[in-house]
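> Data: entry_1.cif, mmCIF, C-alpha atoms, pLDDT in the B column; chains and numbers go by the auth columns.
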```cif
data_structure
#
loop_
_atom_site.group_PDB
_atom_site.id
_atom_site.type_symbol
_atom_site.label_atom_id
_atom_site.label_comp_id
_atom_site.label_asym_id
_atom_site.label_seq_id
_atom_site.Cartn_x
_atom_site.Cartn_y
_atom_site.Cartn_z
_atom_site.B_iso_or_equiv
_atom_site.auth_seq_id
_atom_site.auth_asym_id
ATOM 1 C CA MET A 1 108.799 31.866 -16.241 48.00 989 J
ATOM 2 C CA ARG A 2 111.888 30.468 -14.488 45.00 990 J
ATOM 3 C CA LEU A 3 113.765 27.858 -16.521 43.00 991 J
ATOM 4 C CA PRO A 4 115.543 24.928 -14.853 45.00 992 J
ATOM 5 C CA LEU A 5 119.338 25.117 -14.867 38.00 993 J
ATOM 6 C CA GLN A 6 119.575 22.234 -17.342 42.00 994 J
ATOM 7 C CA THR A 7 117.264 24.004 -19.778 41.00 995 J
ATOM 8 C CA ILE A 8 119.235 27.253 -19.609 39.00 996 J
ATOM 9 C CA GLY A 9 122.449 25.355 -20.286 43.00 997 J
ATOM 10 C CA VAL A 10 120.916 23.769 -23.382 41.00 998 J
ATOM 11 C CA VAL A 11 119.702 27.147 -24.673 40.00 999 J
ATOM 12 C CA VAL A 12 123.128 28.732 -24.214 40.00 1000 J
ATOM 13 C CA LEU A 13 124.868 25.790 -25.861 40.00 1001 J
ATOM 14 C CA HIS A 14 122.456 25.819 -28.794 42.00 1002 J
ATOM 15 C CA CYS A 15 123.075 29.512 -29.413 43.00 1003 J
ATOM 16 C CA ALA A 16 126.805 28.881 -29.435 44.00 1004 J
ATOM 17 C CA ILE A 17 126.538 26.136 -32.065 46.00 1005 J
ATOM 18 C CA ALA A 18 123.744 27.307 -34.386 52.00 1006 J
ATOM 19 C CA GLN A 19 125.027 30.631 -35.619 61.00 1007 J
ATOM 20 C CA ALA A 20 125.542 32.184 -39.053 82.00 1008 J
ATOM 21 C CA ASP A 21 129.236 32.332 -39.830 96.00 1009 J
ATOM 22 C CA THR A 22 131.169 33.937 -42.659 97.00 1010 J
ATOM 23 C CA ILE A 23 132.662 31.298 -44.926 98.00 1011 J
ATOM 24 C CA LEU A 24 134.020 33.649 -47.599 98.00 1012 J
ATOM 25 C CA LEU A 25 134.133 37.423 -47.917 98.00 1013 J
ATOM 26 C CA GLU A 26 135.742 39.159 -50.878 98.00 1014 J
ATOM 27 C CA ASP A 27 135.383 42.909 -50.465 98.00 1015 J
ATOM 28 C CA PHE A 28 138.088 44.078 -52.924 98.00 1016 J
ATOM 29 C CA GLU A 29 139.379 46.508 -50.308 97.00 1017 J
ATOM 30 C CA ASP A 30 143.051 45.768 -50.928 94.00 1018 J
ATOM 31 C CA ALA A 31 145.415 43.690 -53.035 92.00 1019 J
ATOM 32 C CA THR A 32 144.988 40.642 -50.771 94.00 1020 J
ATOM 33 C CA VAL A 33 142.316 38.772 -52.717 95.00 1021 J
ATOM 34 C CA SER A 34 140.768 35.307 -52.477 96.00 1022 J
ATOM 35 C CA TYR A 35 140.262 34.666 -56.195 98.00 1023 J
ATOM 36 C CA THR A 36 142.241 33.894 -59.323 98.00 1024 J
ATOM 37 C CA THR A 37 141.585 35.520 -62.683 97.00 1025 J
ATOM 38 C CA ASN A 38 142.302 34.720 -66.315 96.00 1026 J
ATOM 39 C CA GLU A 39 143.493 38.264 -67.032 94.00 1027 J
ATOM 40 C CA PRO A 40 145.745 40.529 -64.942 94.00 1028 J
ATOM 41 C CA ASP A 41 144.228 43.835 -63.893 96.00 1029 J
ATOM 42 C CA GLN A 42 144.457 46.575 -66.509 95.00 1030 J
ATOM 43 C CA LEU A 43 143.947 49.987 -64.921 96.00 1031 J
ATOM 44 C CA GLY A 44 146.329 52.140 -66.952 95.00 1032 J
ATOM 45 C CA LEU A 45 143.470 53.678 -68.936 95.00 1033 J
ATOM 46 C CA LEU A 46 141.078 54.007 -65.994 95.00 1034 J
ATOM 47 C CA GLY A 47 140.887 57.749 -66.595 94.00 1035 J
ATOM 48 C CA ALA A 48 139.704 57.073 -70.139 93.00 1036 J
ATOM 49 C CA ASN A 49 136.968 54.689 -68.938 93.00 1037 J
ATOM 50 C CA ALA A 50 138.738 51.566 -70.203 95.00 1038 J
ATOM 51 C CA TYR A 51 139.753 49.100 -67.492 96.00 1039 J
ATOM 52 C CA HIS A 52 139.200 45.800 -65.753 96.00 1040 J
ATOM 53 C CA GLY A 53 140.327 44.804 -62.284 97.00 1041 J
ATOM 54 C CA ARG A 54 140.156 45.864 -58.650 98.00 1042 J
ATOM 55 C CA VAL A 55 139.457 49.590 -58.495 97.00 1043 J
ATOM 56 C CA ASP A 56 139.712 52.082 -55.637 97.00 1044 J
ATOM 57 C CA PHE A 57 136.814 54.514 -55.620 96.00 1045 J
ATOM 58 C CA GLN A 58 139.208 57.391 -55.005 95.00 1046 J
ATOM 59 C CA ASP A 59 140.844 56.699 -58.388 96.00 1047 J
ATOM 60 C CA LEU A 60 137.636 56.812 -60.441 94.00 1048 J
ATOM 61 C CA PRO A 61 137.373 59.559 -63.055 92.00 1049 J
ATOM 62 C CA GLY A 62 134.720 62.151 -62.322 90.00 1050 J
ATOM 63 C CA ASN A 63 132.304 60.872 -64.942 90.00 1051 J
ATOM 64 C CA LEU A 64 131.991 57.451 -63.279 91.00 1052 J
ATOM 65 C CA ILE A 65 129.559 57.674 -60.380 91.00 1053 J
ATOM 66 C CA TYR A 66 128.388 54.809 -58.166 95.00 1054 J
ATOM 67 C CA ASN A 67 126.045 55.228 -55.223 97.00 1055 J
ATOM 68 C CA ASN A 68 125.672 53.089 -52.079 98.00 1056 J
ATOM 69 C CA ARG A 69 129.361 52.190 -52.147 97.00 1057 J
ATOM 70 C CA GLN A 70 130.452 49.193 -50.103 97.00 1058 J
ATOM 71 C CA GLY A 71 133.797 50.236 -48.657 96.00 1059 J
ATOM 72 C CA SER A 72 136.638 51.750 -50.665 97.00 1060 J
ATOM 73 C CA GLY A 73 137.085 49.293 -53.538 97.00 1061 J
ATOM 74 C CA PHE A 74 135.268 47.073 -56.038 98.00 1062 J
ATOM 75 C CA PHE A 75 135.930 44.918 -59.090 98.00 1063 J
ATOM 76 C CA GLY A 76 134.984 46.654 -62.314 97.00 1064 J
ATOM 77 C CA ALA A 77 135.142 46.250 -66.057 97.00 1065 J
ATOM 78 C CA GLN A 78 134.500 48.695 -68.886 95.00 1066 J
ATOM 79 C CA ASP A 79 135.620 48.721 -72.520 94.00 1067 J
ATOM 80 C CA THR A 80 137.912 45.769 -71.799 94.00 1068 J
ATOM 81 C CA ASN A 81 139.410 45.654 -75.299 91.00 1069 J
ATOM 82 C CA SER A 82 140.737 49.202 -75.076 92.00 1070 J
ATOM 83 C CA ALA A 83 141.971 48.535 -71.541 92.00 1071 J
ATOM 84 C CA SER A 84 144.129 45.714 -72.898 81.00 1072 J
ATOM 85 C CA GLY A 85 145.487 47.676 -75.832 81.00 1073 J
ATOM 86 C CA GLY A 86 143.038 46.270 -78.367 77.00 1074 J
ATOM 87 C CA SER A 87 143.987 42.651 -77.623 78.00 1075 J
ATOM 88 C CA HIS A 88 140.350 41.494 -77.746 79.00 1076 J
ATOM 89 C CA THR A 89 139.930 40.781 -74.055 85.00 1077 J
ATOM 90 C CA ASP A 90 136.298 39.820 -74.361 92.00 1078 J
ATOM 91 C CA THR A 91 135.954 37.590 -71.284 96.00 1079 J
ATOM 92 C CA ILE A 92 137.112 38.211 -67.711 97.00 1080 J
ATOM 93 C CA THR A 93 136.681 35.429 -65.160 98.00 1081 J
ATOM 94 C CA LEU A 94 137.180 35.404 -61.396 98.00 1082 J
ATOM 95 C CA ASN A 95 137.330 32.030 -59.659 98.00 1083 J
ATOM 96 C CA TRP A 96 136.957 31.260 -55.964 98.00 1084 J
ATOM 97 C CA THR A 97 137.871 27.580 -55.603 98.00 1085 J
ATOM 98 C CA GLY A 98 138.109 24.965 -52.883 98.00 1086 J
ATOM 99 C CA ILE A 99 135.857 26.745 -50.371 98.00 1087 J
ATOM 100 C CA ASP A 100 135.347 24.365 -47.447 98.00 1088 J
ATOM 101 C CA ILE A 101 131.629 24.168 -46.613 98.00 1089 J
ATOM 102 C CA SER A 102 131.693 20.713 -45.023 97.00 1090 J
ATOM 103 C CA ASN A 103 130.851 22.019 -41.541 96.00 1091 J
ATOM 104 C CA PHE A 104 127.993 24.286 -42.591 97.00 1092 J
ATOM 105 C CA THR A 105 124.309 24.077 -43.475 97.00 1093 J
ATOM 106 C CA ASP A 106 121.831 26.730 -44.660 97.00 1094 J
ATOM 107 C CA ILE A 107 124.493 28.124 -46.968 98.00 1095 J
ATOM 108 C CA SER A 108 123.769 31.353 -48.814 98.00 1096 J
ATOM 109 C CA ALA A 109 125.602 33.827 -51.023 98.00 1097 J
ATOM 110 C CA SER A 110 125.117 37.572 -51.473 98.00 1098 J
ATOM 111 C CA TRP A 111 126.809 40.261 -53.578 98.00 1099 J
ATOM 112 C CA PHE A 112 126.392 43.849 -54.809 98.00 1100 J
ATOM 113 C CA VAL A 113 126.320 45.066 -58.418 98.00 1101 J
ATOM 114 C CA ALA A 114 125.971 48.411 -60.170 98.00 1102 J
ATOM 115 C CA GLU A 115 126.333 49.894 -63.655 96.00 1103 J
ATOM 116 C CA ASP A 116 127.264 53.490 -64.377 94.00 1104 J
ATOM 117 C CA THR A 117 124.739 55.653 -66.189 85.00 1105 J
ATOM 118 C CA ALA A 118 126.270 56.890 -69.442 77.00 1106 J
ATOM 119 C CA ASN A 119 126.956 60.596 -69.817 73.00 1107 J
ATOM 120 C CA ASP A 120 124.345 60.843 -72.571 71.00 1108 J
ATOM 121 C CA THR A 121 121.882 58.879 -70.343 72.00 1109 J
ATOM 122 C CA ASN A 122 121.527 56.257 -73.085 75.00 1110 J
ATOM 123 C CA GLU A 123 121.851 52.563 -72.251 76.00 1111 J
ATOM 124 C CA ASP A 124 124.735 50.811 -73.972 83.00 1112 J
ATOM 125 C CA TRP A 125 124.706 47.067 -73.370 93.00 1113 J
ATOM 126 C CA ASP A 126 124.711 44.993 -76.547 92.00 1114 J
ATOM 127 C CA ILE A 127 123.037 41.638 -77.165 93.00 1115 J
ATOM 128 C CA ASP A 128 126.176 39.704 -76.213 94.00 1116 J
ATOM 129 C CA SER A 129 127.024 41.753 -73.072 95.00 1117 J
ATOM 130 C CA SER A 130 126.748 39.546 -69.997 97.00 1118 J
ATOM 131 C CA VAL A 131 127.708 39.100 -66.331 98.00 1119 J
ATOM 132 C CA ARG A 132 127.137 35.697 -64.724 98.00 1120 J
ATOM 133 C CA LEU A 133 127.702 33.944 -61.417 98.00 1121 J
ATOM 134 C CA ASP A 134 127.991 30.144 -61.355 98.00 1122 J
ATOM 135 C CA PHE A 135 128.555 27.681 -58.524 98.00 1123 J
ATOM 136 C CA GLN A 136 129.837 24.131 -58.287 98.00 1124 J
ATOM 137 C CA ILE A 137 129.436 21.704 -55.387 98.00 1125 J
ATOM 138 C CA ASP A 138 131.953 18.886 -54.923 98.00 1126 J
ATOM 139 C CA GLY A 139 133.138 19.079 -58.521 98.00 1127 J
ATOM 140 C CA GLY A 140 129.729 18.164 -59.905 98.00 1128 J
ATOM 141 C CA GLY A 141 129.669 20.785 -62.665 98.00 1129 J
ATOM 142 C CA PHE A 142 128.808 24.484 -62.670 98.00 1130 J
ATOM 143 C CA PHE A 143 125.260 25.790 -62.376 97.00 1131 J
ATOM 144 C CA GLN A 144 124.202 29.364 -63.077 96.00 1132 J
ATOM 145 C CA PHE A 145 122.616 31.160 -60.135 96.00 1133 J
ATOM 146 C CA PHE A 146 122.703 34.816 -61.212 98.00 1134 J
ATOM 147 C CA ALA A 147 122.932 36.612 -64.546 98.00 1135 J
ATOM 148 C CA ILE A 148 122.749 40.152 -65.910 98.00 1136 J
ATOM 149 C CA GLU A 149 121.974 40.420 -69.619 97.00 1137 J
ATOM 150 C CA SER A 150 120.967 43.030 -72.149 95.00 1138 J
ATOM 151 C CA SER A 151 117.207 43.522 -72.063 92.00 1139 J
ATOM 152 C CA SER A 152 116.811 42.905 -75.799 87.00 1140 J
ATOM 153 C CA ALA A 153 117.544 39.832 -77.909 85.00 1141 J
ATOM 154 C CA VAL A 154 117.270 41.691 -81.217 84.00 1142 J
ATOM 155 C CA SER A 155 118.947 45.084 -80.816 80.00 1143 J
ATOM 156 C CA GLY A 156 121.921 46.613 -79.062 79.00 1144 J
ATOM 157 C CA ASN A 157 122.278 49.575 -76.717 84.00 1145 J
ATOM 158 C CA THR A 158 119.681 48.553 -74.152 90.00 1146 J
ATOM 159 C CA ASP A 159 119.684 48.554 -70.374 92.00 1147 J
ATOM 160 C CA PRO A 160 121.131 45.627 -68.384 95.00 1148 J
ATOM 161 C CA LYS A 161 118.680 43.649 -66.275 96.00 1149 J
ATOM 162 C CA VAL A 162 118.693 40.511 -64.163 98.00 1150 J
ATOM 163 C CA ASP A 163 117.955 37.439 -66.280 98.00 1151 J
ATOM 164 C CA THR A 164 115.456 35.602 -64.084 97.00 1152 J
ATOM 165 C CA ASN A 165 115.033 32.523 -66.291 96.00 1153 J
ATOM 166 C CA PHE A 166 118.590 32.325 -67.724 96.00 1154 J
ATOM 167 C CA ASP A 167 117.501 32.565 -71.348 96.00 1155 J
ATOM 168 C CA GLY A 168 120.073 35.223 -72.223 95.00 1156 J
ATOM 169 C CA VAL A 169 117.705 38.206 -72.057 96.00 1157 J
ATOM 170 C CA GLY A 170 117.379 40.515 -69.057 96.00 1158 J
ATOM 171 C CA ASP A 171 113.791 40.532 -67.839 96.00 1159 J
ATOM 172 C CA GLY A 172 114.029 41.362 -64.145 97.00 1160 J
ATOM 173 C CA THR A 173 115.469 44.114 -61.949 97.00 1161 J
ATOM 174 C CA ALA A 174 117.320 46.822 -63.874 96.00 1162 J
ATOM 175 C CA ILE A 175 120.954 47.374 -62.860 96.00 1163 J
ATOM 176 C CA THR A 176 121.584 51.046 -62.078 95.00 1164 J
ATOM 177 C CA ASP A 177 124.414 53.200 -60.759 95.00 1165 J
ATOM 178 C CA THR A 178 123.331 52.371 -57.183 97.00 1166 J
ATOM 179 C CA PHE A 179 124.980 49.259 -55.734 98.00 1167 J
ATOM 180 C CA THR A 180 122.166 46.779 -55.114 98.00 1168 J
ATOM 181 C CA GLN A 181 122.460 43.557 -53.118 98.00 1169 J
ATOM 182 C CA PHE A 182 121.268 40.213 -54.437 98.00 1170 J
ATOM 183 C CA ASN A 183 121.343 36.843 -52.683 97.00 1171 J
ATOM 184 C CA THR A 184 120.534 33.174 -53.110 97.00 1172 J
ATOM 185 C CA ALA A 185 120.572 29.914 -51.178 97.00 1173 J
ATOM 186 C CA LEU A 186 123.194 27.311 -52.107 98.00 1174 J
ATOM 187 C CA PRO A 187 123.168 23.525 -51.671 97.00 1175 J
ATOM 188 C CA ASN A 188 125.057 21.804 -48.878 97.00 1176 J
ATOM 189 C CA GLY A 189 128.186 19.841 -49.656 98.00 1177 J
ATOM 190 C CA SER A 190 131.882 19.664 -48.872 98.00 1178 J
ATOM 191 C CA VAL A 191 133.622 21.954 -51.375 98.00 1179 J
ATOM 192 C CA LEU A 192 132.189 25.031 -53.108 98.00 1180 J
ATOM 193 C CA ASP A 193 133.560 26.778 -56.198 98.00 1181 J
ATOM 194 C CA VAL A 194 132.201 30.139 -57.401 98.00 1182 J
ATOM 195 C CA ARG A 195 132.883 31.704 -60.792 98.00 1183 J
ATOM 196 C CA LEU A 196 132.180 35.250 -61.992 98.00 1184 J
ATOM 197 C CA THR A 197 132.229 35.696 -65.784 98.00 1185 J
ATOM 198 C CA ILE A 198 132.134 39.124 -67.459 98.00 1186 J
ATOM 199 C CA THR A 199 131.652 38.871 -71.217 97.00 1187 J
ATOM 200 C CA PHE A 200 131.715 41.418 -74.059 95.00 1188 J
ATOM 201 C CA LEU A 201 131.779 44.595 -72.023 95.00 1189 J
ATOM 202 C CA ASP A 202 134.271 45.631 -74.675 91.00 1190 J
ATOM 203 C CA GLN A 203 132.716 48.822 -75.997 87.00 1191 J
ATOM 204 C CA LEU A 204 132.770 52.371 -74.677 85.00 1192 J
ATOM 205 C CA GLU A 205 130.283 52.895 -71.795 85.00 1193 J
ATOM 206 C CA GLU A 206 129.573 49.170 -71.326 93.00 1194 J
ATOM 207 C CA ASP A 207 130.487 48.574 -67.697 95.00 1195 J
ATOM 208 C CA ILE A 208 129.839 46.621 -64.506 97.00 1196 J
ATOM 209 C CA ALA A 209 130.840 47.083 -60.869 98.00 1197 J
ATOM 210 C CA PHE A 210 130.845 44.039 -58.563 98.00 1198 J
ATOM 211 C CA ASP A 211 131.474 44.065 -54.812 98.00 1199 J
ATOM 212 C CA SER A 212 131.233 42.257 -51.464 98.00 1200 J
ATOM 213 C CA LEU A 213 130.791 38.619 -52.380 98.00 1201 J
ATOM 214 C CA LEU A 214 129.746 36.945 -49.113 98.00 1202 J
ATOM 215 C CA VAL A 215 129.152 33.247 -48.481 98.00 1203 J
ATOM 216 C CA GLU A 216 127.590 32.402 -45.105 98.00 1204 J
ATOM 217 C CA GLY A 217 126.312 29.298 -43.364 98.00 1205 J
ATOM 218 C CA THR A 218 125.186 27.840 -40.070 97.00 1206 J
ATOM 219 C CA SER A 219 128.098 26.105 -38.369 95.00 1207 J
ATOM 220 C CA THR A 220 127.604 22.480 -37.382 92.00 1208 J
ATOM 221 C CA ALA A 221 130.952 22.207 -35.619 81.00 1209 J
ATOM 222 C CA VAL A 222 130.833 20.848 -32.035 70.00 1210 J
ATOM 223 C CA PRO A 223 132.597 23.103 -29.479 65.00 1211 J
ATOM 224 C CA GLU A 224 135.700 21.814 -27.714 60.00 1212 J
ATOM 225 C CA PRO A 225 135.148 20.331 -24.194 60.00 1213 J
ATOM 226 C CA ALA A 226 136.765 23.372 -22.606 54.00 1214 J
ATOM 227 C CA SER A 227 134.215 25.583 -24.344 49.00 1215 J
ATOM 228 C CA LEU A 228 131.384 23.442 -23.026 48.00 1216 J
ATOM 229 C CA SER A 229 132.681 23.918 -19.476 46.00 1217 J
ATOM 230 C CA ILE A 230 132.763 27.683 -19.923 43.00 1218 J
ATOM 231 C CA PHE A 231 129.167 27.723 -21.182 41.00 1219 J
ATOM 232 C CA GLY A 232 128.082 25.603 -18.218 45.00 1220 J
ATOM 233 C CA ILE A 233 129.780 27.912 -15.711 35.00 1221 J
ATOM 234 C CA SER A 234 128.257 30.961 -17.392 41.00 1222 J
ATOM 235 C CA ALA A 235 124.784 29.443 -17.181 38.00 1223 J
ATOM 236 C CA ILE A 236 125.195 28.618 -13.470 38.00 1224 J
ATOM 237 C CA GLY A 237 126.437 32.114 -12.775 40.00 1225 J
ATOM 238 C CA MET A 238 123.439 33.696 -14.467 37.00 1226 J
ATOM 239 C CA VAL A 239 120.995 31.502 -12.528 37.00 1227 J
ATOM 240 C CA GLY A 240 122.670 32.264 -9.195 39.00 1228 J
ATOM 241 C CA PHE A 241 122.605 35.994 -9.848 35.00 1229 J
ATOM 242 C CA SER A 242 118.930 35.830 -10.770 40.00 1230 J
ATOM 243 C CA ARG A 243 118.038 34.033 -7.539 42.00 1231 J
ATOM 244 C CA ARG A 244 119.944 36.498 -5.339 45.00 1232 J
ATOM 245 C CA ARG A 245 118.074 39.360 -6.944 45.00 1233 J
ATOM 246 C CA ARG A 246 114.723 37.715 -6.172 46.00 1234 J
ATOM 247 C CA VAL A 247 115.426 37.014 -2.453 43.00 1235 J
#
```
Output the structure of this file as structure tokens.

Amino acid sequence: MRLPLQTIGVVVLHCAIAQADTILLEDFEDATVSYTTNEPDQLGLLGANAYHGRVDFQDLPGNLIYNNRQGSGFFGAQDTNSASGGSHTDTITLNWTGIDISNFTDISASWFVAEDTANDTNEDWDIDSSVRLDFQIDGGGFFQFFAIESSSAVSGNTDPKVDTNFDGVGDGTAITDTFTQFNTALPNGSVLDVRLTITFLDQLEEDIAFDSLLVEGTSTAVPEPASLSIFGISAIGMVGFSRRRRV
């Protein structure tokens, strides 16, 4: 079927406008980061499995193994009290604030998480161990959209799982030493804030690895007039070439 020139121009223009664009990407690859945190990185005892902060995979001790790595770095936490010299660092928060989403629809977020398997193969998360992601749209208050909790409400040293109903007990997908991607849709708005909270991973072999936070959306921005002219010329050129080939 041969499309009229006007139709081809509309198709090309539509493809240029309605595309998924990256709004935010935090990959923890280097010290240039897009978040703020309540605690400075503590990596001095990384070799003793006590740390929190941005970690390079090449610096990991041999007994910490993560599969399906996303690049060369990640944000991790393990035995946070010992990492901070016994100063009771029980909560680590990362905040991405003031993310402009005003020119986007169909907004979604994705991220990767993993948890190292202990040397004795036992699971070590306690009842109060927790990792949570919250979002806020236009300052309207934070809502939880992802959580990892211990899989028992009555005993410690259990495996971490996704908390599907946000009741404080992991009941969904188990978190393993293989980085696994999760995602969710987010509401439209003007300004997005995202908060990662890591709580009570303050004992030996309680850990989490978090990587590649990505926020995407469909751009609603209208191209500049010059861009429209280029698309129109490109469409005409394609039609002319097609006709010469068919003569």
> Given the file shown, enumerate the residues that the PyMOL selection byres ((chain J and resi 1072-1085) around 10) captures and present them as JSON, numbers by chain.
{"J": [1012, 1014, 1021, 1022, 1023, 1024, 1025, 1026, 1027, 1028, 1029, 1030, 1031, 1032, 1033, 1038, 1039, 1040, 1041, 1063, 1065, 1067, 1068, 1069, 1070, 1071, 1086, 1087, 1088, 1117, 1118, 1119, 1120, 1121, 1122, 1123, 1124, 1179, 1180, 1181, 1182, 1183, 1184, 1185, 1186, 1187, 1188, 1189, 1190, 1191]}
> Mind checking which residues fall within 9 Å of Asp1018 in chain J, counting only C-alpha atoms, ignoring those fewer than 2 positions away in the same chain, and posting them as a ChimeraX atom specification?
/J:1015-1016,1020-1021,1042,1044,1060-1061
> Using all atoms listed in the file, which of the listed residues (J:Ser1138, J:Phe1062, J:Asp1114, J:Ile1089) sits closest to Thr1208 in chain J?
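Answer, going by the shortest atom-to-atom distance: J:Ile1089.
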> Here is a test: counting all atoms listed in the file, which residue of J:Thr1105, J:Ser1098, J:Thr1206, J:Ser1143 is nearest to Phe1170 in chain J?
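Closest to Phe1170 in chain J of all the choices is J:Ser1098.
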> Here is a test: counting all atoms listed in the file, which residue of J:Val1203, J:Ala1036, J:Leu1174, J:Ala1106 is nearest to Ala1008 in chain J?
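Closest candidate: J:Val1203.
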> Centre and edge lengths of an axis-aligned box around all listed atoms of range 1134-1150 of chain J, with 8 Å added on each side, are to be given in Å to one decimal, as lines of an AutoDock Vina configuration file.

```
center_x = 119.9
center_y = 42.2
center_z = -71.2
size_x = 22.1
size_y = 30.8
size_z = 36.0
```
> On this file, the PyMOL selection byres ((chain J and resi 1010) around 10) gives some set of residues; write that set as a short mmCIF file (atom, residue, chain, number, x, y, z; two decimals) with C-alpha atoms, in the coordinates of the input.

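Output file part_31.cif is given in full below:
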```
data_model
loop_
_atom_site.label_atom_id
_atom_site.label_comp_id
_atom_site.auth_asym_id
_atom_site.auth_seq_id
_atom_site.Cartn_x
_atom_site.Cartn_y
_atom_site.Cartn_z
CA GLN J 1007 125.03 30.63 -35.62
CA ALA J 1008 125.54 32.18 -39.05
CA ASP J 1009 129.24 32.33 -39.83
CA ILE J 1011 132.66 31.30 -44.93
CA LEU J 1012 134.02 33.65 -47.60
CA LEU J 1013 134.13 37.42 -47.92
CA ILE J 1095 124.49 28.12 -46.97
CA SER J 1096 123.77 31.35 -48.81
CA LEU J 1202 129.75 36.94 -49.11
CA VAL J 1203 129.15 33.25 -48.48
CA GLU J 1204 127.59 32.40 -45.10
CA GLY J 1205 126.31 29.30 -43.36
CA THR J 1206 125.19 27.84 -40.07
CA SER J 1207 128.10 26.10 -38.37
#
```
> Have a look at J:Glu1111, J:Asp1104, J:Asp1047, J:Asp1094 and name the one nearest to Thr1164 in chain J; count only C-alpha atoms.
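Counting only C-alpha atoms, the residue closest to Thr1164 in chain J is J:Asp1104.
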> Can you give me, as a PyMOL selection string, the residues this file yields under the PyMOL selection byres ((chain J and resi 1158) around 10)?
chain J and resi 1115+1118+1135-1141+1146-1157+1159-1163
> Ranking J:Val1210, J:Val1101, J:Leu1034, J:Ala1019 by minimum distance to Gln1058 in chain J and counting all atoms listed in the file, which one comes first?
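Ranking J:Val1210, J:Val1101, J:Leu1034, J:Ala1019 by distance to Gln1058 in chain J, first place goes to J:Val1101.
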> Restricting the calculation to all atoms listed in the file: of J:Thr1172, J:Asn1056, J:Asn1110, J:Asn1037, which residue gets closest to Asp1199 in chain J?
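Of J:Thr1172, J:Asn1056, J:Asn1110, J:Asn1037, the one nearest Asp1199 in chain J, counting all atoms listed in the file, is J:Asn1056.
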> Can you tell me, as a ChimeraX atom specification, what residues are no more than 9 Å from Ala1102 in chain J when counting all atoms listed in the file, ignoring any on the same chain fewer than 6 positions away?
/J:1054-1055,1163-1168,1195-1199
> Mind giving me the straight-line distance from CA of Gly1050 in chain J to CA of Asn1145 in chain J in Å, one decimal?
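CA of Asn1145 in chain J lies 22.8 Å from CA of Gly1050 in chain J.
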> What is the CA of Val1142 in chain J to CA of Trp1113 in chain J distance in Å?
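Computed distance, CA of Val1142 in chain J to CA of Trp1113 in chain J, equals 12.1 Å.
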> Do you have the CA of Phe1134 in chain J-CA of Gly1064 in chain J distance handy?
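According to the coordinates, CA of Phe1134 in chain J and CA of Gly1064 in chain J are separated by 17.1 Å.
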